[in-house]
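Asker: This is the structure I have questions about; it appears just below.
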Amino acid sequence: MTGARKPPIDPLTGPTAILEGRIVTMNAADTVIASGRVYIKAGTLAAVQSADAPPPAGFSGVSVTRTHGTLYPGLIELHNHLSYNALRLWAVPKKFSNRDQWGGIAEYRQRVSGPMTIIGETPELLPALVRYVEAKCLVAGVTTSQGIALFSNAGVRRFYRGIIRNVEATDEAALPEATTRIADVDMQSASKFLERLKKESCFLLHLSEGVDETARKHFQALQIGGDHWAITPQLTGIHAAGLKAADWDIYGARGAAAVWSPLSNLLLYGDTAQIAAAKAANVRLGLGSDWSPSGSKNLLGELKVAKLWSDHHRIFTALELVAMVTRTAASILGWNAVLGSLEPGKRADISVVDGVDGDPYDHLLTAKEADMALVVINGVPRFGTPALFSALNVSGETVKIGSASRRLFLTQDTQDPQVGKISLSHAAEALQAALKKLPALAKQLEKPKALMRGPLRAAAPVWRLALDEIVDTGVSVRPRLPLAHRHTGARALAGAGTLPLSKIVRPLILDPLSVAGDAEFLPSIRAQRNLPPWLAEELVNLY
Ligand SMILES: [Zn+2]
């Protein structure tokens with residue numbers, strides 16, 4: 001996969017700056033510096049120390065930017081289908097018990113997979129989509145997420161290059177690329193899957209999505225024989241909601257990791273992973289909001305659900321929850337030498353939450369979106385308050401988080417040129433216009449492709465979203481290994497259906513950028529039928 005050495009997507013360049021505030025380092029000693037400074041140069045943390053310590057060499061004359069906030073390592077989200085995040089929360093129509101039950105229903109096709117198929121096959125919309133869904137991450141302090149996969153009519157796959165780090169594409173040895181999809185050929189047997197696993201640094205795959213025995217079979221299919229399992233430290237199972245306590249023991253004993261997505265699980269299945277058992281089995285845990293149709297709008301929101309569930313069942317400390325989106329997430333990726341904590345020599349990915357009072361870990365879990373004061377990726381300020389942007393000499397596009405004004409700086413040499421051209425406001429307009437005329441767009445796509453002929457057309461590849469969840473692209477986002485000679489789970493092509501999409505889709509409204517700017521999000525959380533009412537109530541209270 002790595003041919004000629006390409007330059008890293010995030011080169012070690014960038015401005016010199018000093019940020020002051022309370023520093024939650026997330027280092028091995030859990031150090032919190034009540035009043036500290038981070039010294040940033042060329043994308044790297046030159047020093048992280050008390051505000052009254054003398055500055056390191058090379059920082060005399062650099063002005064100190066006082067954030068009046070708490071600095072955290074940039075938040076790492078280990079699971080999100082970003083492509084779907086232009087869509088609003090789905091009013092889940094019934095309680096399901098595993099993933100295969102909802103992927104094919106008509107309402108899902110009308111509301112989720114149909115619209116995505118149309119957007120995914122409209123190449124001119126894709127830069128706008130990338131810009132918009134990345135901004136949704138950024139405004140919540142997310143500096144790393146899963147990427148957006150494309151594939152072309154020439155059979156080539158690639159990931160879009162945007163502003164936030166992408167677990168699958170870094171072009172840098174220090175940040176080994178995670179694998180998130182598996183070819184059918186590697187799913188023929190558990191031993192074949194094991195061979196494949198051993199070649200990866202981190203294999204992030206959906207596992208046991210659901211809370212019934214059918215979902216659990218995906219886990220059981222990992223058994224090669226006796227206590228020989230296709231489970232290694234490289235395996236990172238997404239959801240893993242079908243595992244019983246004894247399964248978690250088997251899973252944890254082999255060093256595997258998991259990604260917890262409580263809101264998505266609760267909305268679809270009315271329950272989530274047996275996460276206390278996962279903790280007891282020492283499973284390394286990350287967190288992901290899954291996608292906007294059945295999950296949190298961003299990782300900051302998912303942290304709130306994780307906190308509520310954990311407090312209710314007395315499972316994790318606030319520190320352990322923050323670790324899921326910082327140092328543990330980095331260690332799952334094999335990125336912990338360079339990311340996941342604020343320590344000298346590491347990359348300057350920083351999320352700053354306004355305010356310095358109270359418990360430093362709870363401060364992040366209970367932060368509102370408008371409290372996110374500054375987000376720095378690789379030393380470059382990407383999102384922040386107008387005051388901090390001007391102190392740091394950055395200009396950028398204005399964006400509203402509820403009634404608060406914020407700035408976004410979206411210029412990056414290495415990003416996809418098509419994405420680089422588009423502002424967030426234009427991206428939002430283009431997406432909203434497209435969602436409004438979905439039936440017409442569908443109709444166009446259903447016409448015979450007369451325009452596709454001609455030498456010019458043939459020469460330029462046509463890219464589309466690789467919606468591996470709903471279109472057969474030859475690879476899958478979930479292993480469906482055989483158990484007792486039967487594949488665990490159908491290849492769910494939820495795009496399939498009898499009526500043409502133009503007959504079933506309706507105009508849609510673009511999912512707003514933040515909960516703070518979305519009058520319908522909290523009411524629709526309250527109206528969800530599978531969410532425990534206590535959780536819905538407490539979640540609404542956290543916004
Ligand atoms: Zn997922």
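By order in the structure tokens, chains are A, B, ...; within a chain, residues start at 1; ligands start at 1, following the order shown.
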Using only C-alpha atoms and all ligand atoms, which residues of chain A come within 7 Å of ligand 1, and what is the closest atom pair for each, with the distance in Å to one decimal? Give it as a tab-separated table, sorted by chain and residue number.

Answerer:
```
residue	atom	partner	partner_atom_place_in_ligand_line	distance
A:His79	CA	ligand 1	1 (Zn)	6.6
A:Asn80	CA	ligand 1	1 (Zn)	6.3
A:His81	CA	ligand 1	1 (Zn)	6.2
A:His206	CA	ligand 1	1 (Zn)	6.4
A:Ile238	CA	ligand 1	1 (Zn)	6.9
A:Asp290	CA	ligand 1	1 (Zn)	4.9
```

Asker: Go through stretch 321-375 of chain A and collect every residue that DSSP, computed from the backbone, puts in strand (DSSP E); the answer should be as a PyMOL selection string.

Answerer: chain A and resi 350-354+372-375

Asker: When distances are computed from only C-alpha atoms, which of A:Leu45, A:Leu126, A:Val211, A:Ile350 shows the smallest separation from A:His239?

Answerer: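 Answer, going by the shortest atom-to-atom distance: A:Val211.
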
Asker: Any idea what the distance is between atom CA of A:Cys202 and atom CA of A:Val142?

Answerer: 19.8 Å

Asker: With the cut-off set at 7 Å and counting only C-alpha atoms, tabulate each residue of stretch 78-162 of chain A with an atom at most that distance from an atom of stretch 419-427 of chain A, showing the nearest atom pair and its distance in Å to one decimal, ordered by chain and increasing number, as CSV.

Answerer:
```
residue,atom,partner,partner_atom,distance
A:Pro127,CA,A:Val419,CA,4.6
A:Ala128,CA,A:Ala427,CA,4.2
A:Leu129,CA,A:Ala427,CA,6.8
A:Arg131,CA,A:Leu424,CA,6.2
A:Tyr132,CA,A:Ala427,CA,6.0
```

Asker: Using only C-alpha atoms, can you tell me which of A:Ala135, A:Leu268, A:Lys443, A:Pro93 comes closest to A:Glu397?

Answerer: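 Under the stated criterion, the closest residue is A:Ala135.
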
Asker: For a quick check of understanding, using only C-alpha atoms, which of A:Asp354, A:Glu107, A:Asp511, A:Glu343 has the smallest distance to A:Ala29?

Answerer: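 That would be A:Glu343, the residue with the smallest distance to A:Ala29.
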
Asker: Considering only C-alpha atoms, state which residue in the set A:Asp311, A:Glu121, A:Thr44, A:Ser351 is at the smallest distance from A:Asn153.

Answerer: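 Smallest separation from A:Asn153 among the options: A:Glu121.
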
Asker: For A:Lys95, which residue among A:Gly270, A:Leu499, A:Glu537, A:Val462 is the nearest when counting only C-alpha atoms?

Answerer: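 Comparing A:Gly270, A:Leu499, A:Glu537, A:Val462 against A:Lys95, the winner is A:Gly270.
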
Asker: Residues near A:Ile231, anyone? I mean within 7 Å using only C-alpha atoms, not counting same-chain ones fewer than 4 positions away, as a list in words.

Answerer: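 Residues near the query, excluding close chain neighbours: Leu222, Leu235, Tyr251, Arg254 and Ala256 of chain A.
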
Asker: Could the residues in this selection be written to a file with N, CA and C atoms, as an mmCIF file, in the first residue's frame?

Answerer:
```cif
data_model
loop_
_atom_site.group_PDB
_atom_site.id
_atom_site.type_symbol
_atom_site.label_atom_id
_atom_site.label_comp_id
_atom_site.auth_asym_id
_atom_site.auth_seq_id
_atom_site.Cartn_x
_atom_site.Cartn_y
_atom_site.Cartn_z
ATOM 1 N N LEU A 222 -14.913 -15.986 15.730
ATOM 2 C CA LEU A 222 -13.472 -15.717 15.809
ATOM 3 C C LEU A 222 -12.702 -16.891 16.407
ATOM 4 N N LEU A 235 -6.649 -6.223 16.917
ATOM 5 C CA LEU A 235 -8.095 -6.196 16.665
ATOM 6 C C LEU A 235 -8.763 -5.145 17.555
ATOM 7 N N TYR A 251 -11.674 -12.045 25.183
ATOM 8 C CA TYR A 251 -11.258 -10.929 24.333
ATOM 9 C C TYR A 251 -10.111 -10.150 24.991
ATOM 10 N N ARG A 254 -6.530 -11.645 25.346
ATOM 11 C CA ARG A 254 -5.716 -11.660 24.133
ATOM 12 C C ARG A 254 -5.298 -10.257 23.695
ATOM 13 N N ALA A 256 -6.987 -7.529 22.905
ATOM 14 C CA ALA A 256 -7.705 -6.757 21.888
ATOM 15 C C ALA A 256 -8.345 -5.508 22.500
#
```

Asker: What does the distance between atom CA of A:Val305 and atom CA of A:Leu539 come to in Å, to one decimal place?

Answerer: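 Separation between atom CA of A:Val305 and atom CA of A:Leu539: 6.8 Å.
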
Asker: Go through A:Ile9, A:Val375, A:Leu285, A:Leu408 and flag the residue nearest A:Thr170, using only C-alpha atoms for the distances.

Answerer: A:Ile9

Asker: Run DSSP on the backbone of this structure and report the residues of stretch 397-483 of chain A it assigns to alpha helix (DSSP H), as a PDB file with N, CA and C atoms, in the first residue's frame.

Answerer:
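Written out: result-v5.pdb:
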```
ATOM      1  N   PRO A 417      -7.358  19.447  -3.217  1.00  0.00           N
ATOM      2  CA  PRO A 417      -7.566  20.787  -3.787  1.00  0.00           C
ATOM      3  C   PRO A 417      -9.046  21.162  -3.905  1.00  0.00           C
ATOM      4  N   GLN A 418      -9.886  20.182  -4.192  1.00  0.00           N
ATOM      5  CA  GLN A 418     -11.318  20.482  -4.337  1.00  0.00           C
ATOM      6  C   GLN A 418     -11.931  20.898  -3.011  1.00  0.00           C
ATOM      7  N   VAL A 419     -11.458  20.277  -1.922  1.00  0.00           N
ATOM      8  CA  VAL A 419     -11.965  20.641  -0.596  1.00  0.00           C
ATOM      9  C   VAL A 419     -11.408  22.009  -0.204  1.00  0.00           C
ATOM     10  N   GLY A 420     -10.136  22.228  -0.553  1.00  0.00           N
ATOM     11  CA  GLY A 420      -9.483  23.492  -0.199  1.00  0.00           C
ATOM     12  C   GLY A 420     -10.209  24.702  -0.745  1.00  0.00           C
ATOM     13  N   LEU A 424     -16.794  26.724   4.563  1.00  0.00           N
ATOM     14  CA  LEU A 424     -17.825  25.969   5.275  1.00  0.00           C
ATOM     15  C   LEU A 424     -19.215  26.472   4.906  1.00  0.00           C
ATOM     16  N   SER A 425     -19.372  27.787   4.793  1.00  0.00           N
ATOM     17  CA  SER A 425     -20.726  28.289   4.511  1.00  0.00           C
ATOM     18  C   SER A 425     -21.184  27.861   3.113  1.00  0.00           C
ATOM     19  N   HIS A 426     -20.266  27.846   2.136  1.00  0.00           N
ATOM     20  CA  HIS A 426     -20.654  27.357   0.808  1.00  0.00           C
ATOM     21  C   HIS A 426     -20.956  25.866   0.830  1.00  0.00           C
ATOM     22  N   ALA A 427     -20.177  25.152   1.622  1.00  0.00           N
ATOM     23  CA  ALA A 427     -20.412  23.706   1.722  1.00  0.00           C
ATOM     24  C   ALA A 427     -21.810  23.446   2.284  1.00  0.00           C
ATOM     25  N   ALA A 428     -22.155  24.184   3.336  1.00  0.00           N
ATOM     26  CA  ALA A 428     -23.468  23.995   3.951  1.00  0.00           C
ATOM     27  C   ALA A 428     -24.581  24.342   2.971  1.00  0.00           C
ATOM     28  N   GLU A 429     -24.403  25.428   2.224  1.00  0.00           N
ATOM     29  CA  GLU A 429     -25.420  25.820   1.233  1.00  0.00           C
ATOM     30  C   GLU A 429     -25.591  24.752   0.157  1.00  0.00           C
ATOM     31  N   ALA A 430     -24.457  24.247  -0.346  1.00  0.00           N
ATOM     32  CA  ALA A 430     -24.526  23.248  -1.423  1.00  0.00           C
ATOM     33  C   ALA A 430     -25.216  21.976  -0.936  1.00  0.00           C
ATOM     34  N   LEU A 431     -24.886  21.560   0.284  1.00  0.00           N
ATOM     35  CA  LEU A 431     -25.486  20.328   0.808  1.00  0.00           C
ATOM     36  C   LEU A 431     -26.978  20.525   1.067  1.00  0.00           C
ATOM     37  N   GLN A 432     -27.313  21.676   1.647  1.00  0.00           N
ATOM     38  CA  GLN A 432     -28.717  21.920   1.941  1.00  0.00           C
ATOM     39  C   GLN A 432     -29.532  21.945   0.648  1.00  0.00           C
ATOM     40  N   ALA A 433     -28.979  22.600  -0.389  1.00  0.00           N
ATOM     41  CA  ALA A 433     -29.697  22.664  -1.668  1.00  0.00           C
ATOM     42  C   ALA A 433     -29.891  21.263  -2.246  1.00  0.00           C
ATOM     43  N   ALA A 434     -28.856  20.443  -2.130  1.00  0.00           N
ATOM     44  CA  ALA A 434     -28.951  19.084  -2.683  1.00  0.00           C
ATOM     45  C   ALA A 434     -29.970  18.247  -1.905  1.00  0.00           C
ATOM     46  N   LEU A 435     -29.956  18.360  -0.587  1.00  0.00           N
ATOM     47  CA  LEU A 435     -30.881  17.562   0.231  1.00  0.00           C
ATOM     48  C   LEU A 435     -32.331  17.963  -0.041  1.00  0.00           C
ATOM     49  N   LYS A 436     -32.500  19.240  -0.381  1.00  0.00           N
ATOM     50  CA  LYS A 436     -33.843  19.743  -0.670  1.00  0.00           C
ATOM     51  C   LYS A 436     -34.402  19.164  -1.964  1.00  0.00           C
ATOM     52  N   LEU A 438     -33.535  16.124  -3.345  1.00  0.00           N
ATOM     53  CA  LEU A 438     -33.118  14.720  -3.446  1.00  0.00           C
ATOM     54  C   LEU A 438     -33.893  13.925  -4.495  1.00  0.00           C
ATOM     55  N   PRO A 439     -35.253  14.065  -4.553  1.00  0.00           N
ATOM     56  CA  PRO A 439     -35.976  13.280  -5.560  1.00  0.00           C
ATOM     57  C   PRO A 439     -35.521  13.617  -6.987  1.00  0.00           C
ATOM     58  N   ALA A 440     -35.280  14.906  -7.248  1.00  0.00           N
ATOM     59  CA  ALA A 440     -34.831  15.302  -8.590  1.00  0.00           C
ATOM     60  C   ALA A 440     -33.435  14.765  -8.879  1.00  0.00           C
ATOM     61  N   LEU A 441     -32.552  14.835  -7.870  1.00  0.00           N
ATOM     62  CA  LEU A 441     -31.198  14.288  -8.052  1.00  0.00           C
ATOM     63  C   LEU A 441     -31.262  12.794  -8.332  1.00  0.00           C
ATOM     64  N   ALA A 442     -32.150  12.117  -7.618  1.00  0.00           N
ATOM     65  CA  ALA A 442     -32.290  10.672  -7.817  1.00  0.00           C
ATOM     66  C   ALA A 442     -32.738  10.385  -9.245  1.00  0.00           C
ATOM     67  N   LYS A 443     -33.670  11.181  -9.725  1.00  0.00           N
ATOM     68  CA  LYS A 443     -34.193  10.998 -11.066  1.00  0.00           C
ATOM     69  C   LYS A 443     -33.073  11.135 -12.109  1.00  0.00           C
ATOM     70  N   GLN A 444     -32.249  12.143 -11.917  1.00  0.00           N
ATOM     71  CA  GLN A 444     -31.120  12.351 -12.828  1.00  0.00           C
ATOM     72  C   GLN A 444     -30.210  11.135 -12.864  1.00  0.00           C
ATOM     73  N   LEU A 445     -29.936  10.592 -11.667  1.00  0.00           N
ATOM     74  CA  LEU A 445     -29.033   9.445 -11.596  1.00  0.00           C
ATOM     75  C   LEU A 445     -29.643   8.200 -12.225  1.00  0.00           C
ATOM     76  N   GLU A 446     -30.990   8.168 -12.278  1.00  0.00           N
ATOM     77  CA  GLU A 446     -31.661   6.992 -12.838  1.00  0.00           C
ATOM     78  C   GLU A 446     -31.714   7.030 -14.369  1.00  0.00           C
ATOM     79  N   PRO A 455     -14.037  10.683 -25.162  1.00  0.00           N
ATOM     80  CA  PRO A 455     -12.671  10.404 -24.713  1.00  0.00           C
ATOM     81  C   PRO A 455     -12.298  11.127 -23.419  1.00  0.00           C
ATOM     82  N   LEU A 456     -12.741  12.373 -23.236  1.00  0.00           N
ATOM     83  CA  LEU A 456     -12.375  13.113 -22.027  1.00  0.00           C
ATOM     84  C   LEU A 456     -12.947  12.453 -20.788  1.00  0.00           C
ATOM     85  N   ARG A 457     -14.222  12.092 -20.876  1.00  0.00           N
ATOM     86  CA  ARG A 457     -14.899  11.424 -19.764  1.00  0.00           C
ATOM     87  C   ARG A 457     -14.187  10.131 -19.386  1.00  0.00           C
ATOM     88  N   ALA A 458     -13.753   9.424 -20.425  1.00  0.00           N
ATOM     89  CA  ALA A 458     -13.138   8.133 -20.167  1.00  0.00           C
ATOM     90  C   ALA A 458     -11.794   8.305 -19.469  1.00  0.00           C
ATOM     91  N   ALA A 459     -11.094   9.413 -19.736  1.00  0.00           N
ATOM     92  CA  ALA A 459      -9.755   9.598 -19.198  1.00  0.00           C
ATOM     93  C   ALA A 459      -9.785   9.981 -17.718  1.00  0.00           C
TER      94      ALA A 459
END
```

Asker: Would you mind reading off the distance between atom CA of A:Ala215 and atom CA of A:Ala273, one decimal, in Å?

Answerer: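 Between these atoms lies a distance of 11.4 Å.
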